[in-house]
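Student: Pasting query.cif here (mmCIF, C-alpha atoms):
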data_model
loop_
_atom_site.label_atom_id
_atom_site.label_comp_id
_atom_site.auth_asym_id
_atom_site.auth_seq_id
_atom_site.Cartn_x
_atom_site.Cartn_y
_atom_site.Cartn_z
CA MET P 1 0.00 0.00 0.00
CA ILE P 2 1.42 3.33 -1.08
CA ASP P 3 0.95 6.53 0.93
CA LEU P 4 0.31 8.98 -1.90
CA VAL P 5 0.67 12.00 0.39
CA SER P 6 4.18 10.89 1.42
CA VAL P 7 5.02 10.13 -2.22
CA GLY P 8 3.85 13.65 -3.12
CA ARG P 9 6.04 15.18 -0.42
CA LYS P 10 8.99 13.15 -1.69
CA ILE P 11 8.49 14.28 -5.30
CA SER P 12 8.15 17.90 -4.17
CA THR P 13 11.33 17.69 -2.06
CA LEU P 14 13.38 16.00 -4.80
CA ARG P 15 12.12 18.50 -7.38
CA SER P 16 13.14 21.43 -5.16
CA GLN P 17 16.58 19.88 -4.59
CA LYS P 18 17.04 19.74 -8.37
CA ASN P 19 15.85 23.37 -8.67
CA LEU P 20 13.08 22.34 -11.03
CA SER P 21 9.77 24.15 -11.24
CA GLN P 22 6.54 22.15 -11.57
CA ASP P 23 6.25 23.53 -15.11
CA ARG P 24 9.75 22.40 -16.08
CA LEU P 25 9.24 18.93 -14.60
CA ALA P 26 5.87 18.63 -16.35
CA GLU P 27 7.48 19.62 -19.66
CA THR P 28 10.22 17.00 -19.26
CA LEU P 29 7.67 14.27 -18.52
CA LEU P 30 5.19 15.44 -21.20
CA VAL P 31 2.41 15.84 -18.65
CA SER P 32 0.48 18.91 -17.50
CA ARG P 33 1.61 21.10 -14.59
CA GLN P 34 -1.71 20.22 -12.93
CA ALA P 35 -0.74 16.55 -13.06
CA VAL P 36 2.54 17.26 -11.23
CA SER P 37 0.63 19.36 -8.71
CA ALA P 38 -1.86 16.53 -8.15
CA TRP P 39 1.01 14.07 -7.53
CA GLU P 40 2.68 16.44 -5.06
CA THR P 41 -0.51 16.94 -3.08
CA GLY P 42 -1.25 13.20 -3.00
CA LYS P 43 -4.44 13.63 -5.02
CA ALA P 44 -3.26 11.36 -7.83
CA ALA P 45 -0.60 8.73 -8.41
CA PRO P 46 1.94 9.11 -11.21
CA SER P 47 1.79 6.30 -13.76
CA ILE P 48 4.36 3.51 -13.48
CA ASP P 49 6.29 4.95 -16.44
CA ASN P 50 6.27 8.40 -14.86
CA VAL P 51 7.58 7.07 -11.53
CA ILE P 52 10.43 5.39 -13.41
CA GLU P 53 11.15 8.62 -15.32
CA LEU P 54 11.03 10.65 -12.09
CA ALA P 55 13.54 8.26 -10.54
CA LYS P 56 15.89 8.81 -13.50
CA ILE P 57 15.51 12.61 -13.38
CA PHE P 58 16.12 12.79 -9.61
CA GLY P 59 18.84 10.11 -9.66
CA VAL P 60 17.12 7.92 -7.08
CA SER P 61 15.43 4.51 -7.11
CA PHE P 62 11.70 4.02 -7.70
CA GLU P 63 11.59 2.59 -4.16
CA GLU P 64 12.69 5.96 -2.81
CA ILE P 65 10.08 7.87 -4.82
CA LEU P 66 7.37 5.50 -3.58
CA CYS P 67 8.70 5.59 0.02
CA LEU P 68 8.87 1.79 0.06
CA GLY P 69 10.18 0.37 3.32
CA GLU P 70 9.73 3.68 5.15
CA LYS P 71 7.85 3.54 8.43
CA PRO P 72 5.27 6.31 8.44
CA VAL P 73 5.43 8.79 11.31
CA LEU P 74 1.86 9.29 12.45
CA ASN P 75 0.51 12.21 14.41
CA PRO P 76 -0.89 10.57 17.57
CA ASP P 77 -3.64 13.20 17.77
CA ASN P 78 -4.79 12.56 14.22
CA PRO P 79 -3.39 9.53 12.38
CA PHE P 80 -4.76 10.86 9.06
CA ASP P 81 -2.80 14.10 9.33
CA GLY P 82 -0.26 14.27 6.49
CA HIS P 83 -1.13 10.85 5.09
CA ASP P 84 -3.35 9.34 2.45
CA ARG P 85 -6.59 8.34 4.27
CA GLU P 86 -6.96 5.14 2.23
CA TYR P 87 -3.38 4.22 3.10
CA VAL P 88 -4.01 4.70 6.83
CA ILE P 89 -7.23 2.67 6.84
CA ARG P 90 -5.82 -0.17 4.73
CA SER P 91 -2.59 -0.30 6.72
CA VAL P 92 -4.46 -0.42 10.04
CA ILE P 93 -6.69 -3.23 8.75
CA ALA P 94 -3.61 -5.11 7.51
CA ASN P 95 -1.97 -4.55 10.94
CA GLU P 96 0.96 -2.85 9.22
CA ILE P 97 0.82 0.28 11.35
CA SER P 98 -0.33 0.73 14.90
CA VAL P 99 -2.44 3.75 15.78
CA ASP P 100 -4.47 5.04 18.66
CA ILE P 101 -7.79 3.45 17.69
CA PRO P 102 -10.08 5.91 19.55
CA GLN P 103 -8.27 8.82 17.83
CA LEU P 104 -8.59 7.06 14.50
CA PHE P 105 -12.33 6.56 15.06
CA TYR P 106 -12.71 10.19 16.12
CA HIS P 107 -11.27 11.42 12.81
CA ALA P 108 -12.67 8.70 10.55
CA THR P 109 -15.63 9.20 8.22
CA MET P 110 -18.76 7.04 8.63
CA GLU P 111 -17.61 4.83 5.77
CA GLU P 112 -14.12 4.44 7.26
CA ARG P 113 -15.59 3.55 10.67
CA LEU P 114 -17.75 0.89 9.03
CA ARG P 115 -14.71 -0.56 7.27
CA LEU P 116 -12.89 -0.78 10.61
CA ILE P 117 -15.89 -2.42 12.26
CA LYS P 118 -16.19 -4.88 9.37
CA ALA P 119 -12.48 -5.69 9.76
CA ALA P 120 -13.07 -6.35 13.47
CA GLN P 121 -16.05 -8.58 12.61
CA GLU P 122 -13.81 -10.58 10.29
CA GLY P 123 -11.15 -10.87 13.02
CA LYS P 124 -8.58 -8.80 11.14
CA ILE P 125 -8.20 -6.17 13.86
CA HIS P 126 -9.14 -5.96 17.52
CA LEU P 127 -11.32 -3.15 18.81
CA SER P 128 -11.78 -2.43 22.49
CA LEU P 129 -15.44 -1.74 23.26
CA PRO P 130 -14.84 0.07 26.59
CA MET P 131 -12.38 2.43 24.87
CA LEU P 132 -14.74 3.14 21.98
CA GLN P 133 -18.14 3.10 23.62
CA ASP P 134 -18.30 6.90 23.99
CA GLN P 135 -17.69 7.35 20.28
CA LEU P 136 -19.78 4.61 18.73
CA THR P 137 -23.33 5.14 17.56
CA PRO P 138 -25.84 2.54 18.82
CA GLU P 139 -25.85 0.98 15.32
CA GLU P 140 -22.05 0.74 15.27
CA MET P 141 -22.06 -0.76 18.77
CA ARG P 142 -24.59 -3.40 17.68
CA LEU P 143 -22.58 -4.20 14.55
CA LEU P 144 -19.38 -4.54 16.55
CA LYS P 145 -20.99 -6.88 19.05
CA GLN P 146 -22.17 -9.15 16.21
CA GLY P 147 -19.27 -11.57 16.18
CA GLY P 148 -16.72 -8.80 16.24
CA ASN P 149 -13.15 -9.21 17.44
CA CYS P 150 -13.72 -6.90 20.36
CA SER P 151 -13.62 -6.99 24.13
CA MET E 1 -68.48 -8.85 -6.82
CA ASN E 2 -65.91 -6.86 -4.85
CA TYR E 3 -63.07 -9.38 -4.69
CA LYS E 4 -60.65 -6.85 -3.19
CA ALA E 5 -62.69 -6.45 0.01
CA MET E 6 -63.01 -10.22 0.30
CA ILE E 7 -59.30 -11.01 0.16
CA PRO E 8 -58.72 -11.16 3.97
CA PHE E 9 -61.56 -13.64 4.31
CA LEU E 10 -60.61 -16.05 1.52
CA ASP E 11 -59.15 -19.43 2.37
CA GLU E 12 -55.84 -20.66 0.96
CA GLU E 13 -57.37 -22.45 -2.03
CA GLU E 14 -59.52 -19.46 -2.97
CA LEU E 15 -56.54 -17.11 -2.70
CA LYS E 16 -54.58 -19.44 -4.91
CA GLN E 17 -57.31 -19.46 -7.56
CA LEU E 18 -57.52 -15.66 -7.41
CA ALA E 19 -53.73 -15.38 -7.74
CA GLN E 20 -53.89 -17.68 -10.76
CA LYS E 21 -56.49 -15.42 -12.37
CA VAL E 22 -54.42 -12.29 -11.67
CA ALA E 23 -51.39 -14.03 -13.17
CA GLU E 24 -53.35 -15.03 -16.27
CA SER E 25 -54.83 -11.56 -16.82
CA PRO E 26 -52.95 -9.61 -19.49
CA ASP E 27 -52.48 -6.46 -17.36
CA GLY E 28 -52.08 -8.09 -13.92
CA ASN E 29 -55.52 -6.90 -12.84
CA TYR E 30 -58.44 -9.27 -12.30
CA GLN E 31 -61.70 -7.46 -11.44
CA GLY E 32 -59.87 -4.75 -9.53
CA VAL E 33 -57.52 -7.15 -7.72
CA THR E 34 -53.80 -6.70 -8.38
CA TYR E 35 -50.86 -8.74 -7.15
CA SER E 36 -49.94 -6.06 -4.58
CA ASN E 37 -53.38 -6.56 -2.93
CA LEU E 38 -52.78 -10.29 -2.74
CA LEU E 39 -49.12 -10.57 -1.76
CA PRO E 40 -49.47 -10.18 2.05
CA PHE E 41 -52.09 -12.95 2.15
CA LEU E 42 -50.48 -15.53 -0.12
CA ASP E 43 -48.20 -18.31 0.99
CA GLU E 44 -44.63 -18.25 -0.39
CA ASP E 45 -45.27 -20.93 -3.04
CA ASP E 46 -48.06 -18.88 -4.57
CA VAL E 47 -45.99 -15.69 -4.40
CA ASP E 48 -43.19 -17.54 -6.22
CA MET E 49 -45.60 -18.78 -8.89
CA LEU E 50 -47.06 -15.33 -9.41
CA MET E 51 -43.61 -13.69 -9.50
CA LEU E 52 -42.30 -16.09 -12.14
CA SER E 53 -45.38 -15.64 -14.31
CA PHE E 54 -44.97 -11.85 -14.07
CA TYR E 55 -41.29 -12.15 -14.97
CA ARG E 56 -42.18 -14.12 -18.10
CA LYS E 57 -44.52 -11.30 -19.08
CA GLY E 58 -41.76 -8.74 -18.45
CA GLN E 59 -43.73 -6.93 -15.71
CA ASP E 60 -42.46 -5.07 -12.67
CA LEU E 61 -41.46 -7.49 -9.88
CA ARG E 62 -40.19 -5.17 -7.14
CA HIS E 63 -43.17 -5.72 -4.83
CA PHE E 64 -42.73 -9.50 -4.95
CA TYR E 65 -39.20 -9.77 -3.60
CA PRO E 66 -39.95 -9.29 0.14
CA PHE E 67 -42.68 -11.95 0.03
CA ALA E 68 -41.00 -14.56 -2.20
CA SER E 69 -39.16 -17.61 -0.82
CA ASP E 70 -35.39 -18.08 -1.19
CA GLU E 71 -36.14 -20.99 -3.56
CA GLY E 72 -38.48 -18.80 -5.61
CA LEU E 73 -35.87 -16.04 -5.88
CA SER E 74 -33.30 -18.64 -6.84
CA ARG E 75 -35.61 -19.94 -9.60
CA LEU E 76 -36.07 -16.34 -10.76
CA VAL E 77 -32.29 -15.90 -10.99
CA ASP E 78 -32.08 -19.16 -12.97
CA GLU E 79 -34.68 -17.83 -15.42
CA ILE E 80 -32.90 -14.47 -15.74
CA VAL E 81 -29.62 -16.25 -16.46
CA LYS E 82 -31.31 -18.62 -18.93
CA ASN E 83 -33.55 -16.17 -20.78
CA GLY E 84 -31.74 -12.89 -20.21
CA ASN E 85 -34.85 -10.71 -20.06
CA PRO E 86 -33.38 -7.25 -19.34
CA SER E 87 -36.76 -5.54 -18.83
CA ILE E 88 -36.93 -6.02 -15.06
CA ASP E 89 -35.14 -3.86 -12.52
CA LEU E 90 -32.50 -6.16 -11.03
CA ARG E 91 -31.28 -3.59 -8.48
CA GLY E 92 -34.26 -4.15 -6.20
CA LEU E 93 -33.62 -7.88 -6.27
CA PHE E 94 -30.04 -7.87 -4.95
CA PRO E 95 -30.76 -7.34 -1.20
CA PHE E 96 -33.01 -10.41 -1.10
CA LEU E 97 -30.66 -12.89 -2.76
CA GLU E 98 -28.55 -15.59 -1.12
CA ASP E 99 -24.77 -15.56 -1.76
CA GLU E 100 -25.01 -18.43 -4.24
CA ASP E 101 -27.59 -16.60 -6.38
CA LEU E 102 -25.61 -13.36 -6.23
CA THR E 103 -22.59 -15.27 -7.55
CA LYS E 104 -24.73 -16.74 -10.34
CA LEU E 105 -26.01 -13.29 -11.27
CA LEU E 106 -22.51 -11.78 -11.14
CA ASN E 107 -21.14 -14.51 -13.44
CA PHE E 108 -24.01 -13.84 -15.84
CA ILE E 109 -23.42 -10.07 -15.82
CA LEU E 110 -19.70 -10.59 -16.41
CA ALA E 111 -20.48 -12.98 -19.29
CA GLN E 112 -22.60 -10.20 -20.85
CA GLY E 113 -19.57 -7.91 -20.87
CA GLY E 114 -19.98 -6.38 -17.41
CA SER E 115 -23.47 -4.91 -17.61
CA PHE E 116 -26.98 -6.14 -18.21
CA GLY E 117 -30.42 -4.55 -18.12
CA GLY E 118 -29.18 -1.21 -16.81
CA VAL E 119 -27.07 -2.67 -13.99
CA ASP E 120 -23.40 -3.52 -13.84
CA GLY E 121 -21.19 -5.52 -11.52
CA ASN E 122 -20.54 -2.46 -9.33
CA ASP E 123 -24.24 -2.25 -8.45
CA LEU E 124 -23.78 -5.65 -6.82
CA LEU E 125 -20.74 -4.56 -4.78
CA PRO E 126 -22.50 -3.97 -1.41
CA PHE E 127 -23.97 -7.47 -1.54
CA LEU E 128 -21.03 -9.53 -2.78
CA ASP E 129 -18.70 -11.60 -0.64
CA ASP E 130 -14.93 -10.96 -0.82
CA ASP E 131 -14.25 -13.70 -3.40
CA ASP E 132 -16.87 -12.34 -5.78
CA ILE E 133 -15.59 -8.77 -5.38
CA ASP E 134 -12.11 -10.00 -6.35
CA LYS E 135 -13.55 -11.89 -9.33
CA LEU E 136 -15.40 -8.75 -10.47
CA PHE E 137 -12.31 -6.55 -10.04
CA ILE E 138 -10.00 -8.91 -11.94
CA ALA E 139 -12.52 -9.21 -14.80
CA GLN E 140 -12.84 -5.41 -14.99
CA VAL E 141 -9.08 -4.88 -15.10
CA LYS E 142 -8.63 -7.52 -17.79
CA ASN E 143 -11.41 -5.93 -19.86
CA HIS E 144 -9.98 -2.40 -19.39
CA ASP E 145 -13.27 -1.48 -17.74
CA PRO E 146 -12.95 2.01 -16.13
CA ARG E 147 -15.25 0.86 -13.29
CA ALA E 148 -12.27 -1.07 -11.90
CA LYS E 149 -11.04 2.25 -10.44
CA LYS E 150 -14.01 2.20 -8.07
CA THR E 151 -13.88 -1.53 -7.37
CA VAL E 152 -10.19 -1.53 -6.41
CA ALA E 153 -10.98 0.02 -3.00
CA PHE E 154 -12.95 -3.13 -2.14
CA ALA E 155 -10.61 -5.68 -3.74
CA SER E 156 -8.23 -7.73 -1.62
CA GLU E 157 -4.43 -7.67 -1.84
CA ASP E 158 -4.70 -11.27 -3.09
CA ALA E 159 -6.60 -10.08 -6.17
CA LEU E 160 -3.96 -7.42 -6.82
CA HIS E 161 -1.25 -10.06 -6.34
CA GLU E 162 -2.96 -12.23 -8.99
CA LEU E 163 -2.86 -9.33 -11.43
CA VAL E 164 0.83 -8.66 -10.77
CA LYS E 165 1.59 -12.36 -11.34
CA GLU E 166 -0.30 -12.18 -14.65
CA TYR E 167 1.46 -8.93 -15.60
CA VAL E 168 4.85 -10.57 -15.04
CA SER E 169 4.14 -13.93 -16.66
CA HIS E 170 1.95 -12.78 -19.58
CA PRO E 171 3.33 -9.52 -21.00
CA GLU E 172 1.10 -10.01 -24.05
CA ALA E 173 -2.01 -9.69 -21.84
CA ASP E 174 -1.57 -5.88 -21.96
CA LEU E 175 -2.71 -5.31 -18.38
CA GLU E 176 -2.93 -1.65 -17.38
CA LEU E 177 -2.05 -1.41 -13.66
CA ASP E 178 -1.13 2.29 -13.33
CA GLU E 179 -4.25 3.08 -11.31
CA PHE E 180 -3.92 0.12 -8.99
CA TYR E 181 -0.33 -0.07 -7.77
CA PRO E 182 -1.03 2.33 -4.84
CA PHE E 183 -3.30 -0.37 -3.39
CA MET E 184 -0.76 -3.20 -3.64
CA ASP E 185 1.50 -4.46 -0.89
CA GLU E 186 5.13 -3.38 -1.13
CA ASP E 187 6.41 -6.71 -2.49
CA ASP E 188 3.94 -6.59 -5.36
CA VAL E 189 4.82 -2.95 -6.09
CA ARG E 190 8.50 -3.91 -6.32
CA THR E 191 7.74 -6.92 -8.57
CA LEU E 192 5.54 -4.80 -10.84
CA PHE E 193 8.05 -1.97 -11.24
CA LYS E 194 10.97 -4.35 -11.80
CA ALA E 195 8.97 -6.18 -14.50
CA ASN E 196 8.21 -2.82 -16.10
CA LEU E 197 11.87 -1.80 -16.03
CA GLU E 198 12.89 -5.10 -17.65
CA ARG E 199 10.32 -4.63 -20.42
CA ASN E 200 11.55 -1.18 -21.33
#
As structure tokens - that is how I would like this structure written.

Tutor:
Amino acid sequence: MIDLVSVGRKISTLRSQKNLSQDRLAETLLVSRQAVSAWETGKAAPSIDNVIELAKIFGVSFEEILCLGEKPVLNPDNPFDGHDREYVIRSVIANEISVDIPQLFYHATMEERLRLIKAAQEGKIHLSLPMLQDQLTPEEMRLLKQGGNCS
Amino acid sequence: MNYKAMIPFLDEEELKQLAQKVAESPDGNYQGVTYSNLLPFLDEDDVDMLMLSFYRKGQDLRHFYPFASDEGLSRLVDEIVKNGNPSIDLRGLFPFLEDEDLTKLLNFILAQGGSFGGVDGNDLLPFLDDDDIDKLFIAQVKNHDPRAKKTVAFASEDALHELVKEYVSHPEADLELDEFYPFMDEDDVRTLFKANLERN
């Protein structure tokens, strides 16, 4: 799972180090400046070919551009802060990152909360009912109690 | 005779005969009695019979689904798959189907090229189990179906792994994975990018 926000930060940093403007980089890659901007803000992922080209231009590996093997530093007050939301949710469900679950629930959308509850129902993650009971709606509480991996 | 007012007082056999007459009428109306008047009073077998006869006539079935039996709904799915009558609204049917029938319907929709009668595989997403979601996603990617961009959020890493394996071992398959690598695990991302580098 790739954290597009971190990838965007990396591209922006490497571009600045090479003294390239977004326009100049876009011209070199034959894409629009808006595309480069979308990559740098984590709103879109560069294509595979573009990642490989970016690696050549910046003189780094594709692994570095994609932040592979890097442990994300999460803000304990808001695990979504500075990261791709999908990345955070998927990584929590895959037990690849550990976060403060009540804080995660506090900042999660309804859909994200349901995905976490579904993951608990399927035994993929563990949710502590006493820690979450102040935050859960009655419907979420009922769902979580239905065979969920919770205590 | 006002049949409608008599419905609550009819016995099972009389209700069945009335249902038969409604089913046989060309417009689904027998002396002011329609199927929606009868449904709450019929037993499941009669609801199933009425529903199937309405399906064959291409009429609206939405009111039948909550009253039909699982077996009746399964027979309906079999008929849809066999005859492919696209005139009925399948969306209303999905929440009432068992997993096995949903799988049957999904396979049918995929065999029709990904959509049928105004619905596509993604309309089934909230009702599918994980294996069927993966099957749908893989089929969409292989068919270059743009709906795969929405399905990927629900697909498992196993499905993405399958696609990477296919990308590596069958370069001629022309798989387009640009949109999906952010959802893959790191090992698959590495494998995919290395395969791409070797190709170019």

Student: Give me the result of the PyMOL selection byres ((chain E and resi 76) around 12) on this file, residue by residue, as a PyMOL selection string.

Tutor: chain E and resi 47-56+61+64-65+68-75+77-85+88+90+93-94+96-97+101-102+104-105

Student: Report as a list of chain:residue names the set of chain E residues whose atoms approach chain P to within 8 Å, with distances computed over only C-alpha atoms.

Tutor: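 My answer is E:Asp178, E:Glu179, E:Tyr181, E:Pro182, E:Phe183, E:Met184, E:Asp185, E:Glu186, E:Arg190, E:Phe193, E:Asn196, E:Leu197.
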
Student: Applied to the shown file, which residues does the PyMOL selection byres ((chain P and resi 78) around 7) return, written as a count of residues only?

Tutor: 9

Student: Which distance in Å separates CA of Glu139 in chain P and CA of Ile89 in chain P, to one decimal?

Tutor: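 Computing it gives 20.5 Å between the two atoms.
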
Student: Could you pull the residues within 12 Å of Lys135 in chain E, counting all atoms listed in the file, minus those fewer than 6 positions along the same chain, as a PyMOL selection string?

Tutor: chain E and resi 103+106-107+109-110+114+121-122+125+128-129+141-142+148+151-152+154-156+158-160+162-163

Student: Between CA of Leu129 in chain P and CA of Leu114 in chain P, measure the distance and give it in Å to one decimal.

Tutor: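 Taking CA of Leu129 in chain P and CA of Leu114 in chain P, their separation equals 14.7 Å.
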
Student: Expressed in Å to a single decimal, how great is the separation between CA of Asp131 in chain E and CA of Phe105 in chain P?

Tutor: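 Distance reported for this atom pair: 27.5 Å.
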
Student: Counting all atoms listed in the file, what is within 12 Å of Thr137 in chain P, bar same-chain residues fewer than 3 positions away, as a list in words?

Tutor: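 Here the answer would be Phe105, Tyr106, Met110, Arg113, Leu114, Ile117, Leu129, Leu132, Gln133, Asp134, Glu140, Met141, Arg142, Leu143 and Leu144 of chain P.
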
Student: Within 8 Å of Lys21 in chain E, counting only C-alpha atoms, which residues show up once you throw out same-chain ones fewer than 4 positions away? Write them as a VMD selection string, please.

Tutor: chain E and resid 17 25 30

Student: Residues as selected, C-alpha atoms, written as a short mmCIF file (atom, residue, chain, number, x, y, z; two decimals), in the frame of the given file, can you do that?

Tutor:
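Listing of out-v1.cif after writing:
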data_model
loop_
_atom_site.label_atom_id
_atom_site.label_comp_id
_atom_site.auth_asym_id
_atom_site.auth_seq_id
_atom_site.Cartn_x
_atom_site.Cartn_y
_atom_site.Cartn_z
CA GLN E 17 -57.31 -19.46 -7.56
CA SER E 25 -54.83 -11.56 -16.82
CA TYR E 30 -58.44 -9.27 -12.30
#

Student: Any idea what's packed within 12 Å of Ser36 in chain E, counting all atoms listed in the file, ignoring anything in its chain fewer than 2 positions away? Could you give it as an mmCIF file with C-alpha atoms, in the coordinates of the input?

Tutor:
data_model
loop_
_atom_site.group_PDB
_atom_site.id
_atom_site.type_symbol
_atom_site.label_atom_id
_atom_site.label_comp_id
_atom_site.auth_asym_id
_atom_site.auth_seq_id
_atom_site.Cartn_x
_atom_site.Cartn_y
_atom_site.Cartn_z
ATOM 1 C CA LYS E 4 -60.650 -6.850 -3.190
ATOM 2 C CA ILE E 7 -59.300 -11.010 0.160
ATOM 3 C CA ALA E 19 -53.730 -15.380 -7.740
ATOM 4 C CA VAL E 22 -54.420 -12.290 -11.670
ATOM 5 C CA ALA E 23 -51.390 -14.030 -13.170
ATOM 6 C CA GLY E 28 -52.080 -8.090 -13.920
ATOM 7 C CA ASN E 29 -55.520 -6.900 -12.840
ATOM 8 C CA TYR E 30 -58.440 -9.270 -12.300
ATOM 9 C CA GLY E 32 -59.870 -4.750 -9.530
ATOM 10 C CA VAL E 33 -57.520 -7.150 -7.720
ATOM 11 C CA THR E 34 -53.800 -6.700 -8.380
ATOM 12 C CA LEU E 38 -52.780 -10.290 -2.740
ATOM 13 C CA LEU E 39 -49.120 -10.570 -1.760
ATOM 14 C CA PRO E 40 -49.470 -10.180 2.050
ATOM 15 C CA PHE E 41 -52.090 -12.950 2.150
ATOM 16 C CA LEU E 42 -50.480 -15.530 -0.120
ATOM 17 C CA VAL E 47 -45.990 -15.690 -4.400
ATOM 18 C CA LEU E 50 -47.060 -15.330 -9.410
ATOM 19 C CA MET E 51 -43.610 -13.690 -9.500
ATOM 20 C CA ASP E 60 -42.460 -5.070 -12.670
ATOM 21 C CA LEU E 61 -41.460 -7.490 -9.880
ATOM 22 C CA ARG E 62 -40.190 -5.170 -7.140
ATOM 23 C CA HIS E 63 -43.170 -5.720 -4.830
ATOM 24 C CA PHE E 64 -42.730 -9.500 -4.950
ATOM 25 C CA TYR E 65 -39.200 -9.770 -3.600
ATOM 26 C CA PRO E 66 -39.950 -9.290 0.140
ATOM 27 C CA PHE E 67 -42.680 -11.950 0.030
#

Student: Give me the result of the PyMOL selection byres ((chain P and resi 10) around 10) on this file, residue by residue, as a VMD selection string.

Tutor: chain P and resid 4 to 9 11 to 16 39 to 40 64 to 67

Student: With distances taken over all atoms listed in the file, which of E:Asp46, E:Asn143, E:Ala173, E:Val119 is nearest to Glu14 in chain E?

Tutor: E:Asp46

Student: Could you add whatever atoms are missing so that range 55-74 of chain E carries N, CA and C atoms, then write the result as a PDB file, keeping the file's coordinate frame?

Tutor:
ATOM      1  N   TYR E  55     -42.600 -12.307 -14.327  1.00  0.00           N
ATOM      2  CA  TYR E  55     -41.290 -12.150 -14.970  1.00  0.00           C
ATOM      3  C   TYR E  55     -41.380 -12.533 -16.448  1.00  0.00           C
ATOM      4  N   ARG E  56     -42.080 -13.653 -16.707  1.00  0.00           N
ATOM      5  CA  ARG E  56     -42.180 -14.120 -18.100  1.00  0.00           C
ATOM      6  C   ARG E  56     -42.922 -13.106 -18.967  1.00  0.00           C
ATOM      7  N   LYS E  57     -43.799 -12.326 -18.318  1.00  0.00           N
ATOM      8  CA  LYS E  57     -44.520 -11.300 -19.080  1.00  0.00           C
ATOM      9  C   LYS E  57     -43.745  -9.973 -19.117  1.00  0.00           C
ATOM     10  N   GLY E  58     -42.596  -9.942 -18.444  1.00  0.00           N
ATOM     11  CA  GLY E  58     -41.760  -8.740 -18.450  1.00  0.00           C
ATOM     12  C   GLY E  58     -42.333  -7.626 -17.591  1.00  0.00           C
ATOM     13  N   GLN E  59     -43.113  -7.979 -16.540  1.00  0.00           N
ATOM     14  CA  GLN E  59     -43.730  -6.930 -15.710  1.00  0.00           C
ATOM     15  C   GLN E  59     -42.905  -6.646 -14.447  1.00  0.00           C
ATOM     16  N   ASP E  60     -43.208  -5.522 -13.850  1.00  0.00           N
ATOM     17  CA  ASP E  60     -42.460  -5.070 -12.670  1.00  0.00           C
ATOM     18  C   ASP E  60     -42.592  -6.068 -11.510  1.00  0.00           C
ATOM     19  N   LEU E  61     -41.448  -6.444 -10.920  1.00  0.00           N
ATOM     20  CA  LEU E  61     -41.460  -7.490  -9.880  1.00  0.00           C
ATOM     21  C   LEU E  61     -41.112  -6.968  -8.497  1.00  0.00           C
ATOM     22  N   ARG E  62     -40.775  -5.680  -8.402  1.00  0.00           N
ATOM     23  CA  ARG E  62     -40.190  -5.170  -7.140  1.00  0.00           C
ATOM     24  C   ARG E  62     -41.007  -5.509  -5.898  1.00  0.00           C
ATOM     25  N   HIS E  63     -42.338  -5.472  -6.018  1.00  0.00           N
ATOM     26  CA  HIS E  63     -43.170  -5.720  -4.830  1.00  0.00           C
ATOM     27  C   HIS E  63     -43.149  -7.185  -4.394  1.00  0.00           C
ATOM     28  N   PHE E  64     -42.716  -8.075  -5.279  1.00  0.00           N
ATOM     29  CA  PHE E  64     -42.730  -9.500  -4.950  1.00  0.00           C
ATOM     30  C   PHE E  64     -41.571  -9.916  -4.033  1.00  0.00           C
ATOM     31  N   TYR E  65     -40.418  -9.266  -4.233  1.00  0.00           N
ATOM     32  CA  TYR E  65     -39.200  -9.770  -3.600  1.00  0.00           C
ATOM     33  C   TYR E  65     -39.316 -10.001  -2.085  1.00  0.00           C
ATOM     34  N   PRO E  66     -39.914  -9.057  -1.321  1.00  0.00           N
ATOM     35  CA  PRO E  66     -39.950  -9.290   0.140  1.00  0.00           C
ATOM     36  C   PRO E  66     -40.835 -10.472   0.542  1.00  0.00           C
ATOM     37  N   PHE E  67     -41.738 -10.888  -0.319  1.00  0.00           N
ATOM     38  CA  PHE E  67     -42.680 -11.950   0.030  1.00  0.00           C
ATOM     39  C   PHE E  67     -42.302 -13.312  -0.561  1.00  0.00           C
ATOM     40  N   ALA E  68     -41.360 -13.308  -1.515  1.00  0.00           N
ATOM     41  CA  ALA E  68     -41.000 -14.560  -2.200  1.00  0.00           C
ATOM     42  C   ALA E  68     -40.072 -15.400  -1.310  1.00  0.00           C
ATOM     43  N   SER E  69     -40.055 -16.715  -1.582  1.00  0.00           N
ATOM     44  CA  SER E  69     -39.160 -17.610  -0.820  1.00  0.00           C
ATOM     45  C   SER E  69     -37.758 -17.551  -1.426  1.00  0.00           C
ATOM     46  N   ASP E  70     -36.766 -18.016  -0.663  1.00  0.00           N
ATOM     47  CA  ASP E  70     -35.390 -18.080  -1.190  1.00  0.00           C
ATOM     48  C   ASP E  70     -35.350 -18.964  -2.442  1.00  0.00           C
ATOM     49  N   GLU E  71     -36.120 -20.072  -2.402  1.00  0.00           N
ATOM     50  CA  GLU E  71     -36.140 -20.990  -3.560  1.00  0.00           C
ATOM     51  C   GLU E  71     -36.753 -20.288  -4.775  1.00  0.00           C
ATOM     52  N   GLY E  72     -37.828 -19.522  -4.520  1.00  0.00           N
ATOM     53  CA  GLY E  72     -38.480 -18.800  -5.610  1.00  0.00           C
ATOM     54  C   GLY E  72     -37.548 -17.772  -6.231  1.00  0.00           C
ATOM     55  N   LEU E  73     -36.822 -17.043  -5.373  1.00  0.00           N
ATOM     56  CA  LEU E  73     -35.870 -16.040  -5.880  1.00  0.00           C
ATOM     57  C   LEU E  73     -34.745 -16.719  -6.644  1.00  0.00           C
ATOM     58  N   SER E  74     -34.354 -17.902  -6.158  1.00  0.00           N
ATOM     59  CA  SER E  74     -33.300 -18.640  -6.840  1.00  0.00           C
ATOM     60  C   SER E  74     -33.778 -19.095  -8.221  1.00  0.00           C
TER      61      SER E  74
END
